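Undergrad: I'd like to ask some things about the structure below.
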Amino acid sequence: MPGKRLRPPGPKGAPIIGVALKIAKDTTGFLTKTASEFEDLSYFKVLNLNIYFLTKPEYVQHVLQVNNKNYHKGVKYKFLKMFLGKGLLTSEGEFWLHQRRLAQPAFHKHKIASFAETMTGDTSDMMAEWEKRIVNGNNEVDMHHEMMALTLRIVGKTLLSKDLKMSSMDLESSLGYLVQDIFRRVHSAIDLPLWVPTSQNLGFKKARKVIDDVINKIIEDRISGTSSGEDLLSMLMEAEDEDTGEKMSAEQLRDEVMTIFVAGHETTANALTWTLYLLSTHPEVMTTLRAEIKEVLNGRTPGLEDSRNLKYTTQVLEESMRLYPPAWIIERAAIGDDTIGDFEINKGDQMMMCPYVMHRDPKYWKDPETFDPDRFSEERSKERDRYCYFPFGGGPRYCIGTNFAMLEMQLVLASICQRYSFSVKEGFHVAIEPLVTLRPKNGMPMVLKKLSV
Ligand code: HEM
């Protein structure tokens with residue numbers, strides 16, 4: 001077509017490997033620089049992959065929503081599939097749509113409502129442990145570890161009616177191992193199939209087995225009637241295809257449970273950790289937040305009915321996910337040719353969209369590095385393009401757990417800030433670690449102080 005160019009401009013890479021080394025060295029730094037140097041759409045190569053980096057809201061919307069049928073999940077998902085199977089996060093096309101329709105009702109606001117008590121109950125248990133620690137003269141915690149353990153426990157109870165606290169050390173370390181392993185595989189030039197007995201493959205299988213054993217046993221007990229529960233698993237087991245009356249197979253249940261288990265805990269834990277960090281370094285925001293918590297709760301434990309009144313609390317969480325979006329990168333692969341702006345997209349090209357970069361782009365945000373929850377007031381939110389801010393994705397593959405996550409984070413945050421103040425341990429250097437999700441590097445050691453309510 002006249003006037004069309006094949007590839008947008010972009011950073012130059014080395015022969016064969018492209019920009020692989022630059023990306024590996026400092027991923028978010030590389031992407032931020034690329035977004036500022038090239039307009040809206042840039043192109044680079046990583047090994048044999050043709051990558052299009054989209055930094056214009058309209059283009060992000062095109063891929064995630066308008067022409068979403070032309071885009072499947074990107075290369076990273078091949079590795080996620082190794083342990084999530086054909087769950088919602090990793091499946092495609094008709095199969096995905098069928099599963100999404102079956103699962104969607106379980107995540108409806110009024111179904112999630114019944115989980116509020118578990119969320120606050122587990123938070124109170126965690127804080128009771130903190131209190132014991134403090135009495136014993138130890139007021140330090142790794143907040144990231146605390147949030148991972150808490151959200152794992154909450155997802156365990158709400159999804160499976162199981163208190164995974166006893167085994168959560170094993171589960172947590174196995175999950176942590178798998179996340180790091182998948183990241184290594186995504187960035188490795190050599191990808192040996194799982195049957196090759198390398199130490200990496202053996203480690204992967206061992207960690208996957210720890211999680212599989214726990215989940216498969218729970219599903220088996222449920223199917224055989226040995227156990228029961230009013231939880232997400234029971235809703236998934238009851239869900240029937242409208243036309244055929246068919247229910248999910250044990251294998252499909254395993255994949256969906258594993259997916260929700262993984263997608264539903266680390267993201268939320270990271271968002272909470274970053275929020276607590278930001279609050280600890282912005283006392284004026286903390287003061288406003290505590291004033292709201294006092295007005296709404298007046299010292300009592302928050303509940304479902306409070307969630308719509310905790311407006312500033314919600315804004316704090318939204319602003320925190322702007323600066324530290326847990327799902328910091330979203331990728332797709334074109335399954336057919338397309339056109340974006342002036343450029344042709346060919347089948348197989350990889351689309352990269354980075355909430356971390358777009359959420360901090362001065363083109364779309366005034367003082368982007370400033371933590372300012374007022375940006376998310378109703379009034380100021382009206383000015384914003386929907387696709388400048390997409391911590392939960394967009395289009396039909398929008399996060400199914402959004403309501404769950406927002407309720408959980410509101411309740412946990414209000415509970416903690418009502419009872420504790422916290423600050424980052426002196427001398428600790430806070431840094432991001434962009435793996436599958438955006439983790440704090442080396443955790444988040446914090447010093448706690450109990451407040452008199
Ligand atoms: C702060 C917390 C969370 C964040 C930031 C988050 C973010 C996201 C994002 C960005 C996607 C879309 C990925 C893509 O388009 O490639 C997604 C999908 C998904 N999320 Fe979440 N999520 C969170 C919490 C949860 C929770 C609590 C659950 C479940 C209890 C959950 C379950 C899922 C599932 C199953 C999908 C796949 C949906 C589909 O493709 O149909 N997430 N999430």
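Residues in the structure tokens are numbered from 1 in each chain, the chains being A, B, ... in the order shown, and ligands are numbered from 1 in the order shown.
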Using only C-alpha atoms and all ligand atoms, which residues have at least one atom no more than 6 Å from ligand 1? Output them as a list in words.

TA: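 Protein and nucleic-acid residues within 6 Å of ligand 1: Leu88, Leu89, Arg100, Thr259, Ile260, Ala263, Gly264, Thr267, Thr268, Ala271, Pro326, Ala327, Ile330, Pro391, Phe392, Gly393, Arg397, Tyr398, Cys399, Ile400, Gly401, Thr402, Phe404 and Ala405 of chain A.
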
Undergrad: Within 6 Å of Pro373 of chain A, counting only C-alpha atoms, which residues show up once you throw out same-chain ones fewer than 3 positions away? Write them as a VMD selection string, please.

TA: chain A and resid 315 to 316 319 376

Undergrad: May I have the residues within 12 Å of Ser320 of chain A as a short mmCIF file (atom, residue, chain, number, x, y, z; two decimals) with N, CA and C atoms, in the first residue's frame, using only C-alpha atoms and disregarding those fewer than 3 positions away in the same chain?

TA:
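Output saved as part_29.cif:
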data_model
loop_
_atom_site.label_atom_id
_atom_site.label_comp_id
_atom_site.auth_asym_id
_atom_site.auth_seq_id
_atom_site.Cartn_x
_atom_site.Cartn_y
_atom_site.Cartn_z
N THR A 268 -1.84 -9.21 44.22
CA THR A 268 -2.44 -8.45 45.32
C THR A 268 -1.41 -8.17 46.40
N ASN A 270 1.81 -7.85 46.03
CA ASN A 270 2.73 -6.79 45.57
C ASN A 270 2.07 -5.42 45.67
N ALA A 271 0.82 -5.33 45.23
CA ALA A 271 0.13 -4.02 45.28
C ALA A 271 0.06 -3.53 46.73
N LEU A 272 -0.26 -4.42 47.66
CA LEU A 272 -0.36 -4.00 49.07
C LEU A 272 1.01 -3.58 49.60
N THR A 273 2.04 -4.34 49.26
CA THR A 273 3.38 -4.00 49.76
C THR A 273 3.81 -2.63 49.26
N TRP A 274 3.61 -2.39 47.95
CA TRP A 274 4.01 -1.08 47.40
C TRP A 274 3.19 0.04 48.02
N THR A 275 1.92 -0.24 48.29
CA THR A 275 1.07 0.79 48.89
C THR A 275 1.58 1.13 50.29
N LEU A 276 1.91 0.11 51.07
CA LEU A 276 2.39 0.37 52.43
C LEU A 276 3.72 1.13 52.39
N TYR A 277 4.54 0.78 51.43
CA TYR A 277 5.81 1.49 51.26
C TYR A 277 5.55 2.97 50.94
N LEU A 278 4.67 3.22 49.96
CA LEU A 278 4.38 4.62 49.58
C LEU A 278 3.79 5.40 50.74
N LEU A 279 2.91 4.77 51.48
CA LEU A 279 2.30 5.46 52.63
C LEU A 279 3.36 5.79 53.69
N HIS A 282 5.07 8.90 52.65
CA HIS A 282 4.24 10.09 52.39
C HIS A 282 3.28 10.32 53.55
N VAL A 285 -0.22 11.88 53.04
CA VAL A 285 -1.24 10.99 52.46
C VAL A 285 -1.77 10.06 53.56
N THR A 313 -9.25 5.58 50.43
CA THR A 313 -8.48 4.32 50.51
C THR A 313 -8.36 3.72 49.11
N THR A 314 -9.47 3.74 48.37
CA THR A 314 -9.46 3.20 47.00
C THR A 314 -8.53 4.03 46.11
N GLN A 315 -8.59 5.35 46.26
CA GLN A 315 -7.72 6.23 45.45
C GLN A 315 -6.24 5.95 45.75
N VAL A 316 -5.93 5.72 47.03
CA VAL A 316 -4.54 5.41 47.41
C VAL A 316 -4.09 4.14 46.69
N LEU A 317 -4.97 3.14 46.67
CA LEU A 317 -4.61 1.87 46.00
C LEU A 317 -4.45 2.08 44.49
N LEU A 323 1.93 3.78 40.02
CA LEU A 323 3.39 3.82 40.10
C LEU A 323 4.01 2.43 40.10
N TYR A 324 3.32 1.48 40.72
CA TYR A 324 3.86 0.12 40.79
C TYR A 324 2.80 -0.89 40.34
N PRO A 325 2.50 -0.92 39.03
CA PRO A 325 1.47 -1.86 38.59
C PRO A 325 1.97 -3.30 38.73
N PRO A 326 1.30 -4.14 39.52
CA PRO A 326 1.80 -5.51 39.73
C PRO A 326 1.96 -6.26 38.40
N TYR A 356 3.72 -0.06 33.49
CA TYR A 356 4.73 0.64 34.29
C TYR A 356 5.22 1.90 33.56
N HIS A 359 2.06 4.42 32.76
CA HIS A 359 1.55 5.06 33.98
C HIS A 359 2.47 6.18 34.47
N ARG A 360 3.69 6.23 33.92
CA ARG A 360 4.64 7.28 34.34
C ARG A 360 5.02 8.19 33.18
N PRO A 368 4.53 12.90 36.89
CA PRO A 368 4.24 11.46 36.97
C PRO A 368 4.89 10.74 38.14
N GLU A 369 6.05 11.24 38.62
CA GLU A 369 6.75 10.52 39.69
C GLU A 369 6.16 10.82 41.07
N THR A 370 5.24 11.79 41.13
CA THR A 370 4.68 12.17 42.44
C THR A 370 3.52 11.25 42.83
N PHE A 371 3.55 10.80 44.07
CA PHE A 371 2.47 9.96 44.60
C PHE A 371 1.33 10.87 45.05
N ASP A 372 0.26 10.89 44.27
CA ASP A 372 -0.82 11.84 44.54
C ASP A 372 -2.18 11.16 44.32
N PRO A 373 -2.73 10.56 45.37
CA PRO A 373 -3.99 9.81 45.23
C PRO A 373 -5.16 10.66 44.73
N ASP A 374 -5.05 12.00 44.86
CA ASP A 374 -6.14 12.85 44.37
C ASP A 374 -6.33 12.78 42.86
N ARG A 375 -5.34 12.27 42.15
CA ARG A 375 -5.50 12.08 40.70
C ARG A 375 -6.71 11.20 40.41
N PHE A 376 -7.02 10.32 41.37
CA PHE A 376 -8.09 9.36 41.13
C PHE A 376 -9.42 9.80 41.73
N TYR A 389 -4.21 4.14 31.75
CA TYR A 389 -4.11 3.48 33.05
C TYR A 389 -4.80 2.13 32.94
N PRO A 391 -4.02 -1.13 35.02
CA PRO A 391 -3.39 -2.13 35.90
C PRO A 391 -4.08 -3.49 35.82
N MET A 409 -7.95 -5.61 48.99
CA MET A 409 -6.93 -4.60 49.29
C MET A 409 -7.50 -3.48 50.15
#

Undergrad: Could you give me, as number ranges by chain, the residues within 6 Å of Val447 of chain A, counting only C-alpha atoms and dropping anything in the same chain fewer than 4 positions from it?

TA: A: 139-140, 422-423, 425

Undergrad: Within 12 Å of Tyr364 of chain A, counting only C-alpha atoms, which residues qualify if same-chain residues fewer than 3 places away don't, as a list in words?

TA: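 Returned residues: Asp40, Thr55, Lys56, Pro57, Arg322, Val357, Met358, His359, Arg360, Asp361, Asp367, Pro368, Arg375, Glu383, Arg384, Asp385, Arg386, Tyr387, Cys388 and Tyr389 of chain A.
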
Undergrad: Go ahead and dump the residues you just picked, C-alpha atoms, as a JSON list (two decimals), in the first residue's frame.

TA:
[["chain", "number", "residue", "atom", "x", "y", "z"],
["A", 40, "ASP", "CA", 3.81, 6.04, 20.18],
["A", 55, "THR", "CA", 2.92, 3.57, 24.09],
["A", 56, "LYS", "CA", -0.22, 5.31, 22.80],
["A", 57, "PRO", "CA", -3.55, 4.62, 24.56],
["A", 322, "ARG", "CA", -0.17, 3.54, 38.82],
["A", 357, "VAL", "CA", 5.97, 2.92, 31.50],
["A", 358, "MET", "CA", 2.62, 4.36, 30.41],
["A", 359, "HIS", "CA", 1.55, 5.06, 33.98],
["A", 360, "ARG", "CA", 4.64, 7.28, 34.34],
["A", 361, "ASP", "CA", 4.66, 8.87, 30.90],
["A", 367, "ASP", "CA", 4.32, 15.18, 37.69],
["A", 368, "PRO", "CA", 4.24, 11.46, 36.97],
["A", 375, "ARG", "CA", -5.50, 12.08, 40.70],
["A", 383, "GLU", "CA", -10.07, 13.81, 32.07],
["A", 384, "ARG", "CA", -8.12, 10.62, 31.56],
["A", 385, "ASP", "CA", -8.04, 8.30, 28.58],
["A", 386, "ARG", "CA", -9.14, 4.81, 29.69],
["A", 387, "TYR", "CA", -6.00, 3.22, 28.21],
["A", 388, "CYS", "CA", -3.44, 5.49, 29.94],
["A", 389, "TYR", "CA", -4.11, 3.48, 33.05]]
